[in-house]
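coords-v6.cif, holding mmCIF, C-alpha atoms:
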```
data_structure
#
loop_
_atom_site.label_atom_id
_atom_site.label_comp_id
_atom_site.auth_asym_id
_atom_site.auth_seq_id
_atom_site.Cartn_x
_atom_site.Cartn_y
_atom_site.Cartn_z
CA MET Y 1 4.67 15.35 5.87
CA ALA Y 2 4.06 15.14 9.62
CA SER Y 3 4.80 18.88 9.79
CA LEU Y 4 1.39 19.54 8.19
CA PHE Y 5 -0.19 18.30 11.43
CA SER Y 6 2.50 19.51 13.81
CA GLY Y 7 1.00 20.42 17.16
CA ARG Y 8 -2.29 18.76 16.23
CA VAL Y 9 -3.93 15.48 17.15
CA LEU Y 10 -4.90 12.84 14.64
CA ILE Y 11 -7.23 10.03 15.67
CA ARG Y 12 -7.25 6.48 14.37
CA ASN Y 13 -10.63 5.24 13.20
CA ASN Y 14 -10.53 2.14 15.41
CA SER Y 15 -12.79 1.21 18.30
CA ASP Y 16 -10.46 2.83 20.85
CA GLN Y 17 -9.97 5.95 18.70
CA ASP Y 18 -6.28 6.05 19.54
CA GLU Y 19 -4.81 9.54 19.44
CA LEU Y 20 -1.57 10.36 17.65
CA ASP Y 21 -0.50 13.40 19.63
CA THR Y 22 3.29 13.31 19.52
CA GLU Y 23 5.72 14.14 16.74
CA ALA Y 24 7.10 10.59 16.88
CA GLU Y 25 3.66 9.00 16.43
CA LEU Y 26 2.74 11.34 13.58
CA SER Y 27 6.06 10.69 11.89
CA ARG Y 28 5.65 6.93 12.16
CA ARG Y 29 2.23 7.08 10.51
CA LEU Y 30 2.91 9.70 7.84
CA GLU Y 31 6.59 9.92 6.90
CA ASN Y 32 7.78 8.41 3.62
CA ARG Y 33 4.20 7.81 2.55
CA LEU Y 34 1.78 9.21 0.08
CA VAL Y 35 -0.94 10.91 2.11
CA LEU Y 36 -4.50 11.25 0.88
CA LEU Y 37 -6.55 14.08 2.33
CA PHE Y 38 -10.15 13.03 1.88
CA PHE Y 39 -12.54 15.98 2.08
CA GLY Y 40 -16.07 14.71 2.51
CA SER Y 41 -19.28 14.87 4.45
CA GLY Y 42 -21.91 12.35 5.49
CA SER Y 43 -24.60 14.80 4.46
CA CYS Y 44 -23.27 14.93 0.88
CA PRO Y 45 -24.91 12.36 -1.47
CA GLN Y 46 -21.89 12.39 -3.79
CA CYS Y 47 -19.62 11.63 -0.83
CA GLN Y 48 -21.84 8.76 0.28
CA ALA Y 49 -21.62 7.29 -3.23
CA PHE Y 50 -17.84 7.72 -3.44
CA ALA Y 51 -16.98 6.50 0.08
CA PRO Y 52 -17.35 2.75 -0.66
CA ILE Y 53 -15.12 3.15 -3.72
CA LEU Y 54 -12.43 4.90 -1.68
CA ARG Y 55 -12.77 2.36 1.13
CA ASP Y 56 -12.27 -0.52 -1.33
CA PHE Y 57 -9.35 1.30 -2.95
CA PHE Y 58 -7.61 1.83 0.40
CA VAL Y 59 -8.25 -1.66 1.75
CA LYS Y 60 -6.92 -3.40 -1.37
CA LEU Y 61 -3.66 -1.47 -1.01
CA THR Y 62 -3.14 -1.77 2.74
CA ASP Y 63 -4.85 -4.94 3.97
CA GLU Y 64 -2.56 -7.99 4.12
CA PHE Y 65 -5.49 -10.10 2.95
CA TYR Y 66 -5.03 -8.54 -0.50
CA VAL Y 67 -1.34 -7.59 -0.60
CA LEU Y 68 1.86 -9.14 0.68
CA ARG Y 69 3.04 -5.80 2.04
CA ALA Y 70 0.86 -2.79 2.79
CA ALA Y 71 1.42 0.14 0.45
CA GLN Y 72 3.15 3.21 1.82
CA LEU Y 73 -0.12 5.06 1.99
CA ALA Y 74 -2.00 7.00 4.66
CA LEU Y 75 -5.42 8.60 4.55
CA VAL Y 76 -6.69 11.49 6.65
CA TYR Y 77 -10.40 12.20 6.59
CA VAL Y 78 -10.87 15.97 6.67
CA SER Y 79 -14.46 16.14 7.76
CA GLN Y 80 -16.76 18.82 6.37
CA ASP Y 81 -19.67 17.43 8.37
CA PRO Y 82 -21.96 19.95 10.06
CA THR Y 83 -22.11 17.93 13.30
CA GLU Y 84 -19.82 15.52 15.13
CA GLU Y 85 -22.58 12.91 15.15
CA GLN Y 86 -22.66 12.94 11.34
CA GLN Y 87 -18.88 12.67 11.23
CA ASP Y 88 -18.94 9.63 13.54
CA LEU Y 89 -21.72 8.03 11.53
CA PHE Y 90 -19.83 8.54 8.28
CA LEU Y 91 -16.64 7.00 9.70
CA ARG Y 92 -18.37 4.03 11.29
CA ASP Y 93 -18.01 1.76 8.25
CA MET Y 94 -14.66 3.12 7.07
CA PRO Y 95 -11.28 1.35 7.53
CA LYS Y 96 -9.70 1.33 10.97
CA LYS Y 97 -6.41 2.55 9.52
CA TRP Y 98 -7.95 5.82 8.42
CA LEU Y 99 -7.00 8.88 10.45
CA PHE Y 100 -9.13 11.93 11.11
CA LEU Y 101 -8.97 15.30 12.82
CA PRO Y 102 -11.03 15.99 15.94
CA PHE Y 103 -14.30 17.66 15.04
CA GLU Y 104 -13.47 20.75 17.08
CA ASP Y 105 -10.17 21.34 15.24
CA ASP Y 106 -10.44 24.33 12.90
CA LEU Y 107 -7.70 22.83 10.75
CA ARG Y 108 -10.48 20.87 9.02
CA ARG Y 109 -11.64 24.03 7.29
CA ASP Y 110 -8.20 25.63 6.99
CA LEU Y 111 -6.97 22.68 4.94
CA GLY Y 112 -9.87 23.10 2.54
CA ARG Y 113 -8.81 26.70 1.88
CA ARG Y 114 -5.13 25.82 1.74
CA PHE Y 115 -5.64 23.20 -0.96
CA SER Y 116 -8.37 25.12 -2.81
CA VAL Y 117 -11.03 22.45 -2.37
CA GLU Y 118 -14.09 23.68 -4.25
CA ARG Y 119 -16.33 20.63 -4.24
CA LEU Y 120 -17.03 17.45 -2.33
CA PRO Y 121 -15.84 14.79 -2.38
CA ALA Y 122 -12.21 15.66 -3.04
CA VAL Y 123 -9.03 13.64 -2.55
CA VAL Y 124 -5.79 15.63 -2.43
CA VAL Y 125 -2.70 13.45 -2.91
CA LEU Y 126 0.43 14.69 -1.16
CA LYS Y 127 4.01 13.59 -1.71
CA PRO Y 128 6.15 12.69 1.33
CA SER Y 129 7.62 16.20 1.04
CA GLY Y 130 4.16 17.70 1.53
CA ASP Y 131 3.93 18.98 -2.05
CA VAL Y 132 0.71 18.37 -3.94
CA LEU Y 133 0.88 15.50 -6.40
CA THR Y 134 -2.79 15.61 -7.42
CA HIS Y 135 -5.30 18.28 -6.44
CA ASP Y 136 -8.27 15.93 -6.78
CA ALA Y 137 -7.90 12.21 -7.48
CA THR Y 138 -11.56 11.21 -7.15
CA ASP Y 139 -12.09 10.60 -10.88
CA GLU Y 140 -8.76 8.76 -11.20
CA ILE Y 141 -9.63 6.47 -8.28
CA ARG Y 142 -13.03 5.73 -9.82
CA ARG Y 143 -11.49 4.87 -13.19
CA LEU Y 144 -8.29 3.04 -12.26
CA GLY Y 145 -8.79 1.79 -8.72
CA PRO Y 146 -5.64 0.60 -6.88
CA ALA Y 147 -3.56 0.92 -10.07
CA CYS Y 148 -3.39 4.64 -9.24
CA PHE Y 149 -0.89 4.00 -6.49
CA ALA Y 150 1.87 2.70 -8.78
CA ASN Y 151 1.53 5.84 -10.93
CA TRP Y 152 1.67 8.10 -7.88
CA GLN Y 153 4.56 6.18 -6.37
CA GLU Y 154 6.63 6.65 -9.50
CA ALA Y 155 5.71 10.32 -9.90
CA ALA Y 156 6.53 11.06 -6.26
CA GLU Y 157 9.80 9.08 -6.41
CA LEU Y 158 8.70 7.37 -3.22
CA LEU Y 159 11.50 5.45 -1.52
CA ASP Y 160 10.15 1.91 -1.38
CA ARG Y 161 11.69 0.29 1.68
CA SER Y 162 9.66 -2.90 1.33
CA PHE Y 163 11.86 -4.36 -1.37
CA LEU Y 164 15.40 -3.75 -0.15
CA GLN Y 165 17.66 -6.71 -0.84
CA PRO Y 166 18.13 -8.93 2.22
CA GLU Y 167 21.65 -9.15 3.59
CA ASP Y 168 23.96 -12.12 4.33
CA LEU Y 169 22.07 -14.60 2.21
CA ASP Y 170 23.67 -18.04 1.92
CA ASP Y 171 21.80 -18.68 -1.30
CA PRO Y 172 20.90 -15.92 -3.77
CA ALA Y 173 17.22 -15.32 -4.45
CA PRO Y 174 15.78 -17.51 -7.22
CA ARG Y 175 15.32 -15.87 -10.59
CA SER Y 176 11.73 -17.04 -10.86
CA LEU Y 177 9.11 -19.01 -8.98
CA THR Y 178 10.06 -22.16 -10.88
CA ASP Y 179 13.81 -21.76 -10.46
CA PRO Y 180 14.02 -23.79 -7.20
CA LEU Y 181 12.20 -26.65 -8.95
CA ARG Y 182 14.59 -26.54 -11.88
CA ARG Y 183 17.62 -26.49 -9.58
CA CYS Y 184 16.22 -29.40 -7.56
CA LYS Y 185 15.58 -31.43 -10.74
CA TYR Y 186 19.06 -30.60 -11.99
CA ARG Y 187 20.65 -31.92 -8.78
CA VAL Y 188 18.54 -35.12 -8.98
CA ASP Y 189 19.50 -35.66 -12.63
CA GLN Y 190 23.17 -35.10 -11.90
CA THR Y 191 23.05 -37.59 -9.02
CA ALA Y 192 21.29 -40.19 -11.17
CA ARG Y 193 23.72 -39.76 -14.06
CA GLY Y 194 26.73 -39.87 -11.82
CA ASN Y 195 25.58 -42.96 -9.88
CA ARG Y 196 28.29 -45.43 -10.78
CA SER Y 197 29.64 -48.55 -9.09
CA PRO Y 198 32.57 -47.92 -6.76
CA GLY Y 199 35.93 -48.02 -8.47
CA SER Y 200 34.60 -47.70 -12.00
CA GLY Y 201 36.72 -45.39 -14.09
CA SER Y 202 34.26 -44.71 -16.88
CA PRO Y 203 30.49 -44.58 -17.33
CA PRO Y 204 28.72 -47.80 -18.29
CA GLU Y 205 28.28 -48.41 -22.00
CA PRO Y 206 24.74 -48.16 -23.44
CA LYS Y 207 22.89 -51.45 -23.80
CA GLY Y 208 23.35 -52.98 -27.18
CA GLY Y 209 26.80 -51.49 -27.74
CA ALA Y 210 27.77 -48.41 -29.71
CA GLU Y 211 25.22 -49.19 -32.42
CA GLY Y 212 22.27 -49.37 -30.07
CA GLY Y 213 21.13 -45.75 -30.25
CA GLY Y 214 21.14 -42.72 -32.50
CA ALA Y 215 23.74 -39.94 -32.24
CA GLY Y 216 21.34 -37.34 -30.79
CA GLU Y 217 19.54 -39.61 -28.34
CA LEU Y 218 20.07 -38.60 -24.68
CA PHE Y 219 17.68 -40.96 -22.89
#
```

Give the structure from the file, written as structure tokens.
Amino acid sequence: MASLFSGRVLIRNNSDQDELDTEAELSRRLENRLVLLFFGSGSCPQCQAFAPILRDFFVKLTDEFYVLRAAQLALVYVSQDPTEEQQDLFLRDMPKKWLFLPFEDDLRRDLGRRFSVERLPAVVVLKPSGDVLTHDATDEIRRLGPACFANWQEAAELLDRSFLQPEDLDDPAPRSLTDPLRRCKYRVDQTARGNRSPGSGSPPEPKGGAEGGGAGELF
């Protein structure tokens, strides 16, 4: 995927506008991820209406406030703005993890031709291989929200490295959230039932003798 931007600079949408200008930096941000190419413009009313939806979609998949692990997702804003000032204004309220091309880079327009973008806004979804998964996901994002990602992840056969089994565990992972509670209760019950006086060879008889309780009564 990083090969799409080989020899180019991508900029992070943070306050320092950090530049990713080496193959290693591009690879770290883009490899083994689904990459969204967002074609938009601050002068486009439809883009202004869609931008908050896309921002919410991206944040709910990548911000640790909403998810335990950020989704393997990257977004590159491919500006179609007529001026750099409009591009900066459009990006001002967008997530800091978004990436964008410098305004002077002609690749902004070349990508539009390469992926046959005919209208704005448009969101092209790329597999980690660089192949197109969806030519325009704007309607899908509007309808389904973050649920889109699971569909794309399966279709792209994305290698999910977030859920590899941990190694050298002393105790296997519980089968459910309540399993540790059940195991703890089981140990307590076993201790209570096995709490006999020292030297006793058999459990104490129930109070009242053998006739004191019914056959199925456990407590």

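Here, the PyMOL selection byres ((chain Y and resi 89-93) around 10) matches Asn13, Asn14, Ser15, Gly40, Ser41, Gly42, Ser43, Cys47, Gln48, Ala51, Pro52, Arg55, Tyr77, Ser79, Asp81, Glu84, Glu85, Gln86, Gln87, Asp88, Met94, Pro95, Lys96, Trp98, Leu99 and Phe100 of chain Y.
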
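If all atoms listed in the file are the atoms counted, then among Y:Leu126, Y:Arg119, Y:Val78, Y:Leu73 the closest residue to Phe57 of chain Y is Y:Leu73.
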
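Proximity of Y:Val9, Y:Val124, Y:Val67, Y:Ala24 to Asp136 of chain Y, computed with all atoms listed in the file, is greatest for Y:Val124.
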
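Within 8 Å of the file-frame point (-2.0, 16.5, -0.1), and using all atoms listed in the file, the polymer residues found are Val35, Leu36, Leu37, Phe115, Val123, Val124, Val125, Leu126, Lys127, Gly130, Asp131, Val132, Leu133, Thr134 and His135 of chain Y.
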
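A straight line drawn from atom CA of Asp106 of chain Y to atom CA of Val76 of chain Y is 14.8 Å long.
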
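Picture a line from atom CA of Trp152 of chain Y to atom CA of Ala74 of chain Y; it runs 13.1 Å.
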
Expected answer as a PyMOL selection string: all residues with atoms within 10 Å of (-9.0, 21.3, 13.4), all atoms listed in the file: chain Y and resi 5+8-10+78-79+100-111

Residues within 10 Å of Asp139 of chain Y, only C-alpha atoms, excluding chain neighbours under 5 positions, as a list in words: Phe50, Ala122, Val123, Leu144 and Gly145 of chain Y
